[in-house]
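*Asks:* Can you read through this structure? Questions will come right after.
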Amino acid sequence: MASREPGRWKPIDVKVHVSTGAGVDIHWADGHRSHYGFPFLRDHCPCALCNEERGREPARQAAQSPSGPSPLPLYKPRIIARAASAVGHYALQFDFSDGHSTGIYSFELLREICPCEACRAEGRGSTFKP
Ligand SMILES: [Zn+2]
Ligand SMILES: [Zn+2]
């Protein structure tokens, strides 16, 4: 029953609250509902660049050396989406307020990273490993 074939996670209702900045609500075909804030989505951007950045994250947290090269500011302004669009029937794409827009969020990925308590309790959602 734990199969993960592509296309298993089908949304029946997707609401992207771009103007209010409230994030994304998805109602799934199996009855589950997910809510994602835009900063959360930005953090989980699946593009190659962000994957690479996340791979470095433990080192970044361990050593915040002031002398080392630090192109990434510690303070990040709250990220919202300036626009969102559907990619075919299988994914969403966001134009984030920091100018980043290369991530394609497939519904399978979105279901995988669902931040709700039930999904986190199942061991999904808290960590995303591509
Ligand atoms: Zn990215
Ligand atoms: Zn969930």
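Residue numbers start at 1 in each chain; chains themselves are named A, B, ... in the order of the structure tokens; ligands are numbered from 1 in the order shown.
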Show me a table, sorted first by chain and then by increasing residue number, of the residues of chain A having an atom at most 12 Å from ligand 1, each with its shortest atom pair and the distance in Å to one decimal, counting only C-alpha atoms and all ligand atoms and written as JSON lines.

*Replies:*
{"residue": "A:Leu41", "atom": "CA", "partner": "ligand 1", "partner_atom_place_in_ligand_line": "1 (Zn)", "distance": 9.7}
{"residue": "A:Arg42", "atom": "CA", "partner": "ligand 1", "partner_atom_place_in_ligand_line": "1 (Zn)", "distance": 7.2}
{"residue": "A:Asp43", "atom": "CA", "partner": "ligand 1", "partner_atom_place_in_ligand_line": "1 (Zn)", "distance": 8.2}
{"residue": "A:His44", "atom": "CA", "partner": "ligand 1", "partner_atom_place_in_ligand_line": "1 (Zn)", "distance": 7.8}
{"residue": "A:Cys45", "atom": "CA", "partner": "ligand 1", "partner_atom_place_in_ligand_line": "1 (Zn)", "distance": 4.5}
{"residue": "A:Pro46", "atom": "CA", "partner": "ligand 1", "partner_atom_place_in_ligand_line": "1 (Zn)", "distance": 5.7}
{"residue": "A:Cys47", "atom": "CA", "partner": "ligand 1", "partner_atom_place_in_ligand_line": "1 (Zn)", "distance": 4.2}
{"residue": "A:Ala48", "atom": "CA", "partner": "ligand 1", "partner_atom_place_in_ligand_line": "1 (Zn)", "distance": 6.6}
{"residue": "A:Leu49", "atom": "CA", "partner": "ligand 1", "partner_atom_place_in_ligand_line": "1 (Zn)", "distance": 5.5}
{"residue": "A:Cys50", "atom": "CA", "partner": "ligand 1", "partner_atom_place_in_ligand_line": "1 (Zn)", "distance": 4.3}
{"residue": "A:Asn51", "atom": "CA", "partner": "ligand 1", "partner_atom_place_in_ligand_line": "1 (Zn)", "distance": 7.2}
{"residue": "A:Glu52", "atom": "CA", "partner": "ligand 1", "partner_atom_place_in_ligand_line": "1 (Zn)", "distance": 9.2}
{"residue": "A:Glu53", "atom": "CA", "partner": "ligand 1", "partner_atom_place_in_ligand_line": "1 (Zn)", "distance": 8.9}
{"residue": "A:Arg54", "atom": "CA", "partner": "ligand 1", "partner_atom_place_in_ligand_line": "1 (Zn)", "distance": 10.0}
{"residue": "A:Gln93", "atom": "CA", "partner": "ligand 1", "partner_atom_place_in_ligand_line": "1 (Zn)", "distance": 10.6}
{"residue": "A:Phe94", "atom": "CA", "partner": "ligand 1", "partner_atom_place_in_ligand_line": "1 (Zn)", "distance": 10.0}
{"residue": "A:Asp95", "atom": "CA", "partner": "ligand 1", "partner_atom_place_in_ligand_line": "1 (Zn)", "distance": 10.5}
{"residue": "A:Phe96", "atom": "CA", "partner": "ligand 1", "partner_atom_place_in_ligand_line": "1 (Zn)", "distance": 9.8}
{"residue": "A:Asp98", "atom": "CA", "partner": "ligand 1", "partner_atom_place_in_ligand_line": "1 (Zn)", "distance": 10.8}
{"residue": "A:Gly99", "atom": "CA", "partner": "ligand 1", "partner_atom_place_in_ligand_line": "1 (Zn)", "distance": 10.2}
{"residue": "A:His100", "atom": "CA", "partner": "ligand 1", "partner_atom_place_in_ligand_line": "1 (Zn)", "distance": 6.5}
{"residue": "A:Ser101", "atom": "CA", "partner": "ligand 1", "partner_atom_place_in_ligand_line": "1 (Zn)", "distance": 6.9}
{"residue": "A:Thr102", "atom": "CA", "partner": "ligand 1", "partner_atom_place_in_ligand_line": "1 (Zn)", "distance": 5.6}
{"residue": "A:Gly103", "atom": "CA", "partner": "ligand 1", "partner_atom_place_in_ligand_line": "1 (Zn)", "distance": 4.9}
{"residue": "A:Ile104", "atom": "CA", "partner": "ligand 1", "partner_atom_place_in_ligand_line": "1 (Zn)", "distance": 8.5}
{"residue": "A:Tyr105", "atom": "CA", "partner": "ligand 1", "partner_atom_place_in_ligand_line": "1 (Zn)", "distance": 10.0}

*Asks:* Those residues you just picked out, can you put them in a file as a compact mmCIF listing (two decimals), in the first residue's frame with C-alpha atoms?

*Replies:*
# COMPACT_ATOMS: atom_id res chain seq x y z
CA LEU A 41 7.67 26.69 -0.56
CA ARG A 42 10.67 28.88 -1.28
CA ASP A 43 12.67 26.88 1.26
CA HIS A 44 11.68 23.66 -0.47
CA CYS A 45 12.33 24.88 -4.00
CA PRO A 46 13.25 21.76 -5.97
CA CYS A 47 15.46 23.40 -8.58
CA ALA A 48 19.08 22.30 -8.93
CA LEU A 49 20.48 25.50 -7.47
CA CYS A 50 18.44 25.27 -4.28
CA ASN A 51 19.10 21.57 -3.90
CA GLU A 52 22.77 22.40 -3.94
CA GLU A 53 22.28 25.16 -1.40
CA ARG A 54 20.33 22.85 0.93
CA GLN A 93 5.50 27.26 -10.62
CA PHE A 94 5.98 30.38 -8.50
CA ASP A 95 7.58 33.71 -9.16
CA PHE A 96 8.93 34.53 -5.71
CA ASP A 98 13.26 37.41 -4.24
CA GLY A 99 13.29 36.99 -8.00
CA HIS A 100 13.57 33.20 -7.95
CA SER A 101 11.21 31.30 -10.23
CA THR A 102 12.99 28.23 -11.58
CA GLY A 103 11.47 25.64 -9.25
CA ILE A 104 8.77 23.36 -10.62
CA TYR A 105 6.65 22.06 -7.76

*Asks:* Per residue of chain A within 6 Å of ligand 2, record the nearest atom pair and its distance in Å to one decimal, counting only C-alpha atoms and all ligand atoms, with rows in chain order and ascending residue number, as JSON lines.

*Replies:*
{"residue": "A:Ser34", "atom": "CA", "partner": "ligand 2", "partner_atom_place_in_ligand_line": "1 (Zn)", "distance": 5.3}
{"residue": "A:Cys114", "atom": "CA", "partner": "ligand 2", "partner_atom_place_in_ligand_line": "1 (Zn)", "distance": 4.6}
{"residue": "A:Pro115", "atom": "CA", "partner": "ligand 2", "partner_atom_place_in_ligand_line": "1 (Zn)", "distance": 5.9}
{"residue": "A:Cys116", "atom": "CA", "partner": "ligand 2", "partner_atom_place_in_ligand_line": "1 (Zn)", "distance": 4.3}
{"residue": "A:Ala118", "atom": "CA", "partner": "ligand 2", "partner_atom_place_in_ligand_line": "1 (Zn)", "distance": 5.6}
{"residue": "A:Cys119", "atom": "CA", "partner": "ligand 2", "partner_atom_place_in_ligand_line": "1 (Zn)", "distance": 4.3}

*Asks:* In Å to one decimal, how far is atom CA of Val16 of chain A from atom CA of Glu117 of chain A?

*Replies:* 20.9 Å

*Asks:* Name all residues at most 8 Å from Ile80 of chain A (count only C-alpha atoms; drop same-chain ones fewer than 3 positions away) and give them as a list in words.

*Replies:* Val18, Gly21, Gly23, Phe38, Pro39, Phe96 and Ser97 of chain A

*Asks:* Write the residues of the preceding selection, restricted to N, CA and C atoms, as a compact mmCIF listing (two decimals), in the first residue's frame.

*Replies:*
# COMPACT_ATOMS: atom_id res chain seq x y z
N VAL A 18 -2.05 34.47 -4.08
CA VAL A 18 -0.94 35.36 -4.41
C VAL A 18 -1.18 36.76 -3.84
N GLY A 21 -0.89 36.80 -0.07
CA GLY A 21 0.35 36.25 0.44
C GLY A 21 0.15 35.10 1.42
N GLY A 23 -0.41 31.99 0.84
CA GLY A 23 0.18 30.72 0.49
C GLY A 23 -0.73 29.88 -0.41
N PHE A 38 4.26 30.66 1.52
CA PHE A 38 5.23 30.92 0.45
C PHE A 38 6.69 30.79 0.93
N PRO A 39 7.00 31.25 2.15
CA PRO A 39 8.39 31.05 2.60
C PRO A 39 8.75 29.57 2.68
N PHE A 96 8.79 34.05 -7.07
CA PHE A 96 8.93 34.53 -5.71
C PHE A 96 9.42 35.97 -5.67
N SER A 97 9.18 36.61 -4.53
CA SER A 97 9.51 38.03 -4.40
C SER A 97 11.01 38.27 -4.36

*Asks:* Please, what distance in Å, to one decimal, runs between atom CA of Phe40 of chain A and atom CA of Phe107 of chain A?

*Replies:* 15.1 Å

*Asks:* Measure the distance from atom CA of Pro11 of chain A to atom CA of Gly31 of chain A in Å and round it to one decimal.

*Replies:*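 One can read the atom CA of Pro11 of chain A to atom CA of Gly31 of chain A distance as 9.3 Å.
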
*Asks:* Between A:His89, A:Ala83, A:Glu112, A:Gly55, which has the minimum distance to Asp13 of chain A (counting only C-alpha atoms)?

*Replies:*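 Closest candidate: A:His89.
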